[in-house]
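Engineer: Structure below; questions to follow.
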Amino acid sequence: MPGILVVTVGEGERLSRNALEVLGGASRLGGRLGEGVAAVALGERAEAAAPALIAHGSQTVYTVSSPLFKEYQAELLLAALLPVCEKAQPRIILLATDSMGGDVAPRLAHRLRGSMVSECLEMDGATGGQGLRFVRQAYGGKALAAMVPKAFPAVVTVKLRTMEPAVPQDGRTGQTVPVGVDLKAVEARTRVLDRQAEESTGIKLEDARVVVSGGRGLKGPEGFKVLGELAQLLKGAVGASRAATDAGWVPASMQVGQTGKTVAPDLYIAVGISGATQHIAGMSGAKTIVAINTDPEAPIFKLAQLGVVADYRTMLPRLLAKCRELTAG
Amino acid sequence: MPFNIVVCIKQIIDPEMPATQFKLDKAAKRQLRDGANLVISAYDQNALEVALQLKEKAGGKVTALSLGEAGASSALKSALGMGADEAILLSDPAFLECDQFGVAHVLAAGIRKLGGYDLVLCGCVSGDWGDRMVGSLLAEELGIGCATFATRIEAVDGALILRRVVENGVERLEGKPPLVATIVSDETNTPRYPKLRDIMAAGKKTIPVWKAADLQVDAARLGAASRRAEVDDLYIPVRDSKCEVIDGETAEEKADRLALRLRELKLI
């Protein structure tokens with residue numbers, strides 16, 4: 001019985017980046033522990049994801065399909081996962097730390113009387129489960145905590161943009177096991193009335209290789225215009241700090257931080273962002289950080305590789321023009 | 001229709017203290033306080049604000065509840081100063097070593113003792129450990145529904161309408177009380193500053209303390225033995241990067257130099 005179970009929701013023939021990251025982490029951990037990896041796919045047509053899940057390392061794929069999954073509902077997901085876990089008997093259950101994973105994981109751990117580690121960035125262990133540990137950020141990323149589960153199954157949510165995605169391999173085989181669950185009997189305690197997707201044109205923030213982010217120092221929404229132009233030139237996306245989204249200058253979906261998106265771009269340009277701990281928790285994985293701020297004492301300068309003490313209003317238009325000049329031709 | 005709202009708050013060491021003053025107690029495997037300020041966890045403050053706004057519109061009562069050491073009563077007094085009607089501290093040596101599962105078990109026992117609640121609110125993320133666990137675990141302990149990452153809650157014909165932030169947008173949910181909701185910040189729930197006279201009035205109040213014996217808790221769910229995961233190591237990661245300052249006489253000069261440096265580093 002594979003000891004590791006990866007939970008996926010709403011996946012199709014082409015797996016999402018989040019799912020690939022969790023699968024990648026699962027495969028590597030499985031390799032170290034000498035454990036196999038299984039996956040569970042929940043969705044309206046869950047079987048569609050099975051071939052890709054197998055190609056990316058799952059020996060067994062449990063599927064639960066239902067039209068009721070059209071509306072995401074934590075109670076439905078839990079009702080479907082319990083019989084699957086009963087069948088699969090995993091020791092470790094992995095989920096992405098997205099809004100579904102965050103919702104479902106603690107409740108799943110509670111119902112299975114297991115443990116939970118949230119937002120894990122590193123997973124380690126050796127054959128037979130020795131040295132099993134999950135590393136996560138604490139204190140807004142100022143510290144790292146290595147957690148050792150004492151109760152099993154250990155339900156672990158994986159922090160996004162920290163794990164190398166799984167790669168498919170031709171010729172991998174596995175079995176698909178449909179699991180029938182009567183979901184109509186599940187009492188829904190909340191009901192989605194409507195959903196408004198925020199307009200996302202261009203590159204998705206969480207996938208961008210370049211992110212230009214604005215914070216309180218922009219002093220208003222207008223400042224985001226020049227950031228947008230720079231992001232577009234550099235083929236990147238625009239992000240924001242919590243101060244900017246809480247002030248209503250830009251939509252919440254642009255927030256980078258502990259309760260916003262986690263990004264790990266090659267280049268992160270932080271404009272007018274002081275570097276509060278919860279912001280850093282969302283972007284510390286960036287390879288190169290550039291900070292532009294009028295305050296030389298801003299904490300962001302301790303994290304950045306390149307720093308400029310300047311007012312963005314005079315600096316950014318010129319930076320945009322110069323970058324345009326250097327990247328033309 | 002009036003709502004009976006319980007807001008769970010946690011007192012933590014101020015996370016916005018300068019990073020240079022951040023120290024760890026390696027033996028206890030937690031942050032060393034060393035005289036730093038204590039605050040109510042930021043998202044718990046947003047939760048208090050949401051509760052107070054709902055009470056102002058729909059009527060009802062807001063009770064602040066905290067699990068902590070004796071000093072946590074100061075956080076509860078702040079909550080009273082903001083406008084909470086009542087505050088209770090759950091404090092007992094047996095609670096000290098609890099993990100998130102234990103904390104949720106004790107908080108749920110406190111909420112059941114209060115009785116008659118319609119809505120339980122707490123922050124979406126723990127202000128120090130950064131997990132998103134206690135709110136969801138509370139829902140499991142109480143056997144009620146849960147909506148995470150809500151920013152606004154309205155009462156419409158006895159039902160609760162919650163606005164919830166998801167990956168790329170916003171959802172509106174209808175929830176039947178009783179319900180747990182975890183709260184994230186947005187432009188509508190910035191915590192209010194308490195008025196001085198309310199702070200002083202709160203300062204004079206005695207906060208009731210409920211111990212393990214006052215609650216229906218399962219002893220097996222408390223203490224170090226009940227912890228489901230252990231902190232094997234807690235450490236400060238070494239950051240070996242040094243900030244290269246791009247200087248210049250004017251902002252334009254700095255901009256030019258930065259662009260050239262980025263080009264040099266093949267980042268643009």
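Each chain in the structure tokens gets a letter, A, B, ..., in the order shown, and its residues are numbered from 1; ligands are numbered from 1 in order too.
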Please build the interface table for chain A against chain B with a cut-off of 6 Å, listing for each qualifying residue the nearest atom pair and the distance in Å to one decimal; count only C-alpha atoms, order rows by chain and increasing number, and write it as JSON lines.
Structural biologist:
{"residue": "A:Pro106", "atom": "CA", "partner": "B:Met133", "partner_atom": "CA", "distance": 5.6}
{"residue": "A:Arg107", "atom": "CA", "partner": "B:Leu137", "partner_atom": "CA", "distance": 6.0}
{"residue": "A:Ser115", "atom": "CA", "partner": "B:Arg228", "partner_atom": "CA", "distance": 5.0}
{"residue": "A:Ser118", "atom": "CA", "partner": "B:Asp131", "partner_atom": "CA", "distance": 5.9}
{"residue": "A:Ala138", "atom": "CA", "partner": "B:Trp129", "partner_atom": "CA", "distance": 4.8}
{"residue": "A:Tyr139", "atom": "CA", "partner": "B:Asp128", "partner_atom": "CA", "distance": 4.7}
{"residue": "A:Ala143", "atom": "CA", "partner": "B:Ile236", "partner_atom": "CA", "distance": 4.5}
{"residue": "A:Leu144", "atom": "CA", "partner": "B:Tyr235", "partner_atom": "CA", "distance": 5.4}
{"residue": "A:Ala145", "atom": "CA", "partner": "B:Leu234", "partner_atom": "CA", "distance": 4.5}
{"residue": "A:Ala146", "atom": "CA", "partner": "B:Asp233", "partner_atom": "CA", "distance": 5.1}
{"residue": "A:Met147", "atom": "CA", "partner": "B:Val231", "partner_atom": "CA", "distance": 4.7}
{"residue": "A:Val148", "atom": "CA", "partner": "B:Glu230", "partner_atom": "CA", "distance": 5.2}
{"residue": "A:Pro149", "atom": "CA", "partner": "B:Ala229", "partner_atom": "CA", "distance": 4.1}
{"residue": "A:Lys150", "atom": "CA", "partner": "B:Ala229", "partner_atom": "CA", "distance": 5.0}
{"residue": "A:Ala151", "atom": "CA", "partner": "B:Arg228", "partner_atom": "CA", "distance": 5.0}
{"residue": "A:Arg189", "atom": "CA", "partner": "B:Gly145", "partner_atom": "CA", "distance": 5.3}
{"residue": "A:Thr190", "atom": "CA", "partner": "B:Gly175", "partner_atom": "CA", "distance": 4.4}
{"residue": "A:Arg191", "atom": "CA", "partner": "B:Glu174", "partner_atom": "CA", "distance": 5.2}
{"residue": "A:Val192", "atom": "CA", "partner": "B:Leu173", "partner_atom": "CA", "distance": 4.4}
{"residue": "A:Leu193", "atom": "CA", "partner": "B:Leu173", "partner_atom": "CA", "distance": 5.4}
{"residue": "A:Asp194", "atom": "CA", "partner": "B:Arg172", "partner_atom": "CA", "distance": 5.4}
{"residue": "A:Arg195", "atom": "CA", "partner": "B:Glu171", "partner_atom": "CA", "distance": 4.3}
{"residue": "A:Gln196", "atom": "CA", "partner": "B:Val170", "partner_atom": "CA", "distance": 5.3}
{"residue": "A:Ala197", "atom": "CA", "partner": "B:Gly169", "partner_atom": "CA", "distance": 4.3}
{"residue": "A:Glu198", "atom": "CA", "partner": "B:Gly169", "partner_atom": "CA", "distance": 4.7}
{"residue": "A:Asp246", "atom": "CA", "partner": "B:Asp186", "partner_atom": "CA", "distance": 4.3}
{"residue": "A:Ala247", "atom": "CA", "partner": "B:Glu187", "partner_atom": "CA", "distance": 5.2}
{"residue": "A:Gly248", "atom": "CA", "partner": "B:Glu187", "partner_atom": "CA", "distance": 5.6}
{"residue": "A:Ser253", "atom": "CA", "partner": "B:Asn168", "partner_atom": "CA", "distance": 5.4}
{"residue": "A:Ala304", "atom": "CA", "partner": "B:Cys243", "partner_atom": "CA", "distance": 5.6}
{"residue": "A:Gln305", "atom": "CA", "partner": "B:Cys243", "partner_atom": "CA", "distance": 4.4}
{"residue": "A:Leu306", "atom": "CA", "partner": "B:Glu244", "partner_atom": "CA", "distance": 4.7}
{"residue": "A:Gly307", "atom": "CA", "partner": "B:Val245", "partner_atom": "CA", "distance": 4.7}
{"residue": "A:Val308", "atom": "CA", "partner": "B:Ile246", "partner_atom": "CA", "distance": 5.3}
{"residue": "A:Met315", "atom": "CA", "partner": "B:Ala251", "partner_atom": "CA", "distance": 5.2}
{"residue": "A:Arg318", "atom": "CA", "partner": "B:Glu252", "partner_atom": "CA", "distance": 5.9}
{"residue": "A:Leu319", "atom": "CA", "partner": "B:Ala255", "partner_atom": "CA", "distance": 4.7}
{"residue": "A:Cys323", "atom": "CA", "partner": "B:Ala259", "partner_atom": "CA", "distance": 5.7}
Engineer: Store the residues picked out above in a file with N, CA and C atoms, as a JSON list (two decimals), in the first residue's frame.
Structural biologist:
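Result file follows (again.json):
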[["chain", "number", "residue", "atom", "x", "y", "z"],
["A", 106, "PRO", "N", -7.02, 20.64, 7.88],
["A", 106, "PRO", "CA", -7.15, 20.47, 9.33],
["A", 106, "PRO", "C", -8.36, 19.61, 9.69],
["A", 107, "ARG", "N", -9.42, 19.76, 8.91],
["A", 107, "ARG", "CA", -10.63, 19.01, 9.21],
["A", 107, "ARG", "C", -10.43, 17.53, 8.91],
["A", 115, "SER", "N", -2.24, 13.97, 12.59],
["A", 115, "SER", "CA", -1.55, 15.22, 12.87],
["A", 115, "SER", "C", -1.63, 16.11, 11.64],
["A", 118, "SER", "N", 1.25, 22.54, 8.47],
["A", 118, "SER", "CA", 0.78, 23.39, 7.39],
["A", 118, "SER", "C", 1.91, 24.16, 6.74],
["A", 138, "ALA", "N", 7.89, 29.83, 10.53],
["A", 138, "ALA", "CA", 7.16, 30.30, 11.71],
["A", 138, "ALA", "C", 7.52, 31.77, 11.90],
["A", 139, "TYR", "N", 6.72, 32.47, 12.66],
["A", 139, "TYR", "CA", 6.99, 33.89, 12.96],
["A", 139, "TYR", "C", 7.18, 34.67, 11.67],
["A", 143, "ALA", "N", 11.70, 32.51, 11.32],
["A", 143, "ALA", "CA", 12.29, 31.26, 11.79],
["A", 143, "ALA", "C", 11.77, 30.10, 10.96],
["A", 144, "LEU", "N", 12.48, 28.99, 11.02],
["A", 144, "LEU", "CA", 12.02, 27.75, 10.40],
["A", 144, "LEU", "C", 11.84, 26.72, 11.50],
["A", 145, "ALA", "N", 10.76, 25.95, 11.40],
["A", 145, "ALA", "CA", 10.48, 24.92, 12.39],
["A", 145, "ALA", "C", 10.47, 23.57, 11.70],
["A", 146, "ALA", "N", 11.22, 22.62, 12.22],
["A", 146, "ALA", "CA", 11.20, 21.26, 11.68],
["A", 146, "ALA", "C", 10.22, 20.46, 12.54],
["A", 147, "MET", "N", 9.14, 19.99, 11.94],
["A", 147, "MET", "CA", 8.09, 19.30, 12.68],
["A", 147, "MET", "C", 8.18, 17.79, 12.46],
["A", 148, "VAL", "N", 7.99, 17.05, 13.54],
["A", 148, "VAL", "CA", 7.98, 15.58, 13.45],
["A", 148, "VAL", "C", 6.60, 15.09, 13.87],
["A", 149, "PRO", "N", 5.89, 14.40, 12.98],
["A", 149, "PRO", "CA", 4.56, 13.92, 13.35],
["A", 149, "PRO", "C", 4.65, 12.80, 14.37],
["A", 150, "LYS", "N", 3.69, 12.84, 15.32],
["A", 150, "LYS", "CA", 3.61, 11.78, 16.32],
["A", 150, "LYS", "C", 2.34, 10.97, 16.13],
["A", 151, "ALA", "N", 1.37, 11.57, 15.47],
["A", 151, "ALA", "CA", 0.10, 10.89, 15.20],
["A", 151, "ALA", "C", -0.02, 10.74, 13.69],
["A", 189, "ARG", "N", -23.45, 23.02, 4.84],
["A", 189, "ARG", "CA", -23.77, 24.07, 5.80],
["A", 189, "ARG", "C", -23.55, 25.46, 5.23],
["A", 190, "THR", "N", -22.82, 25.51, 4.13],
["A", 190, "THR", "CA", -22.69, 26.79, 3.44],
["A", 190, "THR", "C", -23.02, 26.55, 1.98],
["A", 191, "ARG", "N", -23.44, 27.59, 1.32],
["A", 191, "ARG", "CA", -23.86, 27.48, -0.07],
["A", 191, "ARG", "C", -23.26, 28.66, -0.81],
["A", 192, "VAL", "N", -22.62, 28.39, -1.95],
["A", 192, "VAL", "CA", -22.05, 29.49, -2.72],
["A", 192, "VAL", "C", -23.18, 30.17, -3.49],
["A", 193, "LEU", "N", -23.33, 31.46, -3.27],
["A", 193, "LEU", "CA", -24.38, 32.21, -3.96],
["A", 193, "LEU", "C", -23.89, 32.68, -5.32],
["A", 194, "ASP", "N", -22.70, 33.22, -5.32],
["A", 194, "ASP", "CA", -22.09, 33.64, -6.59],
["A", 194, "ASP", "C", -20.60, 33.78, -6.41],
["A", 195, "ARG", "N", -19.95, 33.86, -7.52],
["A", 195, "ARG", "CA", -18.50, 33.99, -7.51],
["A", 195, "ARG", "C", -18.10, 35.03, -8.55],
["A", 196, "GLN", "N", -17.23, 35.92, -8.15],
["A", 196, "GLN", "CA", -16.73, 36.91, -9.12],
["A", 196, "GLN", "C", -15.26, 36.66, -9.31],
["A", 197, "ALA", "N", -14.90, 36.26, -10.53],
["A", 197, "ALA", "CA", -13.48, 36.08, -10.79],
["A", 197, "ALA", "C", -12.91, 37.45, -11.08],
["A", 198, "GLU", "N", -11.77, 37.74, -10.51],
["A", 198, "GLU", "CA", -11.15, 39.03, -10.80],
["A", 198, "GLU", "C", -10.50, 38.96, -12.16],
["A", 246, "ASP", "N", -5.51, 46.21, 1.28],
["A", 246, "ASP", "CA", -6.44, 46.58, 2.36],
["A", 246, "ASP", "C", -6.96, 47.99, 2.17],
["A", 247, "ALA", "N", -6.15, 48.84, 1.53],
["A", 247, "ALA", "CA", -6.59, 50.22, 1.29],
["A", 247, "ALA", "C", -7.53, 50.27, 0.08],
["A", 248, "GLY", "N", -7.68, 49.12, -0.58],
["A", 248, "GLY", "CA", -8.59, 49.05, -1.72],
["A", 248, "GLY", "C", -8.01, 49.63, -3.00],
["A", 253, "SER", "N", -6.69, 39.86, -5.08],
["A", 253, "SER", "CA", -5.99, 38.76, -5.74],
["A", 253, "SER", "C", -4.57, 39.13, -6.13],
["A", 304, "ALA", "N", 16.82, 42.31, 0.36],
["A", 304, "ALA", "CA", 17.07, 42.56, -1.05],
["A", 304, "ALA", "C", 18.53, 42.41, -1.42],
["A", 305, "GLN", "N", 18.74, 42.01, -2.70],
["A", 305, "GLN", "CA", 20.11, 41.95, -3.21],
["A", 305, "GLN", "C", 20.52, 43.31, -3.81],
["A", 306, "LEU", "N", 19.55, 44.02, -4.33],
["A", 306, "LEU", "CA", 19.82, 45.35, -4.90],
["A", 306, "LEU", "C", 18.87, 46.33, -4.25],
["A", 307, "GLY", "N", 19.38, 47.48, -3.84],
["A", 307, "GLY", "CA", 18.53, 48.45, -3.16],
["A", 307, "GLY", "C", 18.73, 49.86, -3.68],
["A", 308, "VAL", "N", 17.63, 50.57, -3.80],
["A", 308, "VAL", "CA", 17.70, 51.98, -4.20],
["A", 308, "VAL", "C", 16.87, 52.80, -3.23],
["A", 315, "MET", "N", 11.73, 57.91, -9.94],
["A", 315, "MET", "CA", 12.59, 56.82, -10.35],
["A", 315, "MET", "C", 11.95, 55.90, -11.38],
["A", 318, "ARG", "N", 11.73, 56.75, -15.22],
["A", 318, "ARG", "CA", 13.06, 56.70, -15.82],
["A", 318, "ARG", "C", 13.55, 55.26, -15.94],
["A", 319, "LEU", "N", 13.27, 54.44, -14.91],
["A", 319, "LEU", "CA", 13.65, 53.03, -14.93],
["A", 319, "LEU", "C", 12.95, 52.34, -16.09],
["A", 323, "CYS", "N", 14.95, 50.72, -19.18],
["A", 323, "CYS", "CA", 14.77, 49.28, -19.44],
["A", 323, "CYS", "C", 14.27, 49.07, -20.86]]
Engineer: Step one, run DSSP on the backbone; step two, keep only residues of segment 86-307 of chain A assigned to strand (DSSP E); then write them as a count of residues only.
Structural biologist: 67
Engineer: Tell me which protein, DNA and RNA residues are within 6 Å of segment 202-214 of chain A, counting only C-alpha atoms, leaving out same-chain ones fewer than 4 positions away, and put them as a short mmCIF file (atom, residue, chain, number, x, y, z; two decimals) with C-alpha atoms, in the first residue's frame.
Structural biologist:
data_model
loop_
_atom_site.label_atom_id
_atom_site.label_comp_id
_atom_site.auth_asym_id
_atom_site.auth_seq_id
_atom_site.Cartn_x
_atom_site.Cartn_y
_atom_site.Cartn_z
CA ALA A 231 5.82 44.52 -15.57
CA GLY A 236 5.95 39.88 -15.73
CA ALA A 237 3.02 40.51 -13.43
CA VAL A 238 2.09 43.15 -10.87
CA GLY A 239 1.76 42.30 -7.19
CA ALA A 240 0.88 44.29 -4.10
CA VAL A 263 5.54 33.88 -5.57
CA PRO A 265 10.04 34.68 -9.51
CA ASP A 266 13.53 35.17 -10.88
CA LEU A 267 13.15 38.91 -10.24
CA TYR A 268 11.02 40.64 -7.62
CA ILE A 269 10.97 44.44 -7.65
CA ALA A 270 9.44 45.80 -4.44
CA VAL A 271 8.37 49.43 -4.81
CA GLY A 272 7.31 51.38 -1.72
#
Engineer: Can you measure atom CA of Val37 of chain A to atom CA of His56 of chain A for me? One decimal in Å is fine.
Structural biologist: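 Atom-to-atom, atom CA of Val37 of chain A to atom CA of His56 of chain A, that is 10.0 Å.
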Engineer: Please list as a ChimeraX atom specification every residue within 12 Å of Met82 of chain B, counting only C-alpha atoms and excluding residues in the same chain fewer than 6 positions away.
Structural biologist: /B:40,45-53,62-64,75-76,191-203
Engineer: Check segment 100-250 of chain B with DSSP on the backbone and list each residue it calls alpha helix (DSSP H), as a count of residues only.
Structural biologist: 33
Engineer: Atom CA of Pro2 of chain A to atom CA of Asp182 of chain A: how many Å, to one decimal?
Structural biologist: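 Those two atoms sit 25.3 Å apart.
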Engineer: For Arg324 of chain A, list every protein, DNA or RNA residue within 8 Å, evaluated using only C-alpha atoms, and leave out those in the same chain fewer than 4 positions away; present the list as an NGL selection string.
Structural biologist: :A and (233 or 320 or 328)
Engineer: How about saving the chosen residues, C-alpha atoms kept, as a PDB file, in the first residue's frame?
Structural biologist:
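Here's the written file again19.pdb:
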ATOM      1  CA  LEU A 233       7.861  45.354 -20.569  1.00  0.00           C
ATOM      2  CA  LEU A 320      10.897  52.079 -17.359  1.00  0.00           C
ATOM      3  CA  ALA A 328      14.902  47.008 -27.445  1.00  0.00           C
TER       4      ALA A 328
END
Engineer: Could you name the residues that touch Glu97 of chain B at 8 Å or less, counting only C-alpha atoms, but leaving out those on the same chain fewer than 3 positions away, as a PyMOL selection string?
Structural biologist: chain B and resi 94+222-224+227
Engineer: Write a file of the just-selected residues containing N, CA and C atoms, as a compact mmCIF listing (two decimals), in the first residue's frame.
Structural biologist:
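Wrote it out as part-v3.txt, contents follow:
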# COMPACT_ATOMS: atom_id res chain seq x y z
N ALA B 94 -2.64 23.13 32.60
CA ALA B 94 -2.89 21.98 31.70
C ALA B 94 -3.03 22.41 30.24
N LEU B 222 -5.25 17.18 26.44
CA LEU B 222 -4.46 18.32 26.93
C LEU B 222 -3.02 17.93 27.21
N GLY B 223 -2.18 18.94 27.30
CA GLY B 223 -0.82 18.70 27.75
C GLY B 223 0.10 18.17 26.66
N ALA B 224 1.37 18.07 27.02
CA ALA B 224 2.41 17.70 26.06
C ALA B 224 2.14 16.34 25.42
N ARG B 227 0.06 16.21 22.17
CA ARG B 227 0.53 16.88 20.96
C ARG B 227 0.74 15.89 19.83
Engineer: List as a ChimeraX atom specification the protein and nucleic acid residues near Ala19 of chain A, meaning an atom at most 9 Å away when only C-alpha atoms are counted, but skip any in the same chain fewer than 2 places from it.
Structural biologist: /A:6-9,11,15-17,21-24,95-96,165-166
Engineer: May I ask for the distance between atom CA of Thr259 of chain A and atom CA of Asp103 of chain A, given in Å to one decimal place?
Structural biologist: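 We find that atom CA of Thr259 of chain A and atom CA of Asp103 of chain A lie 13.3 Å from each other.
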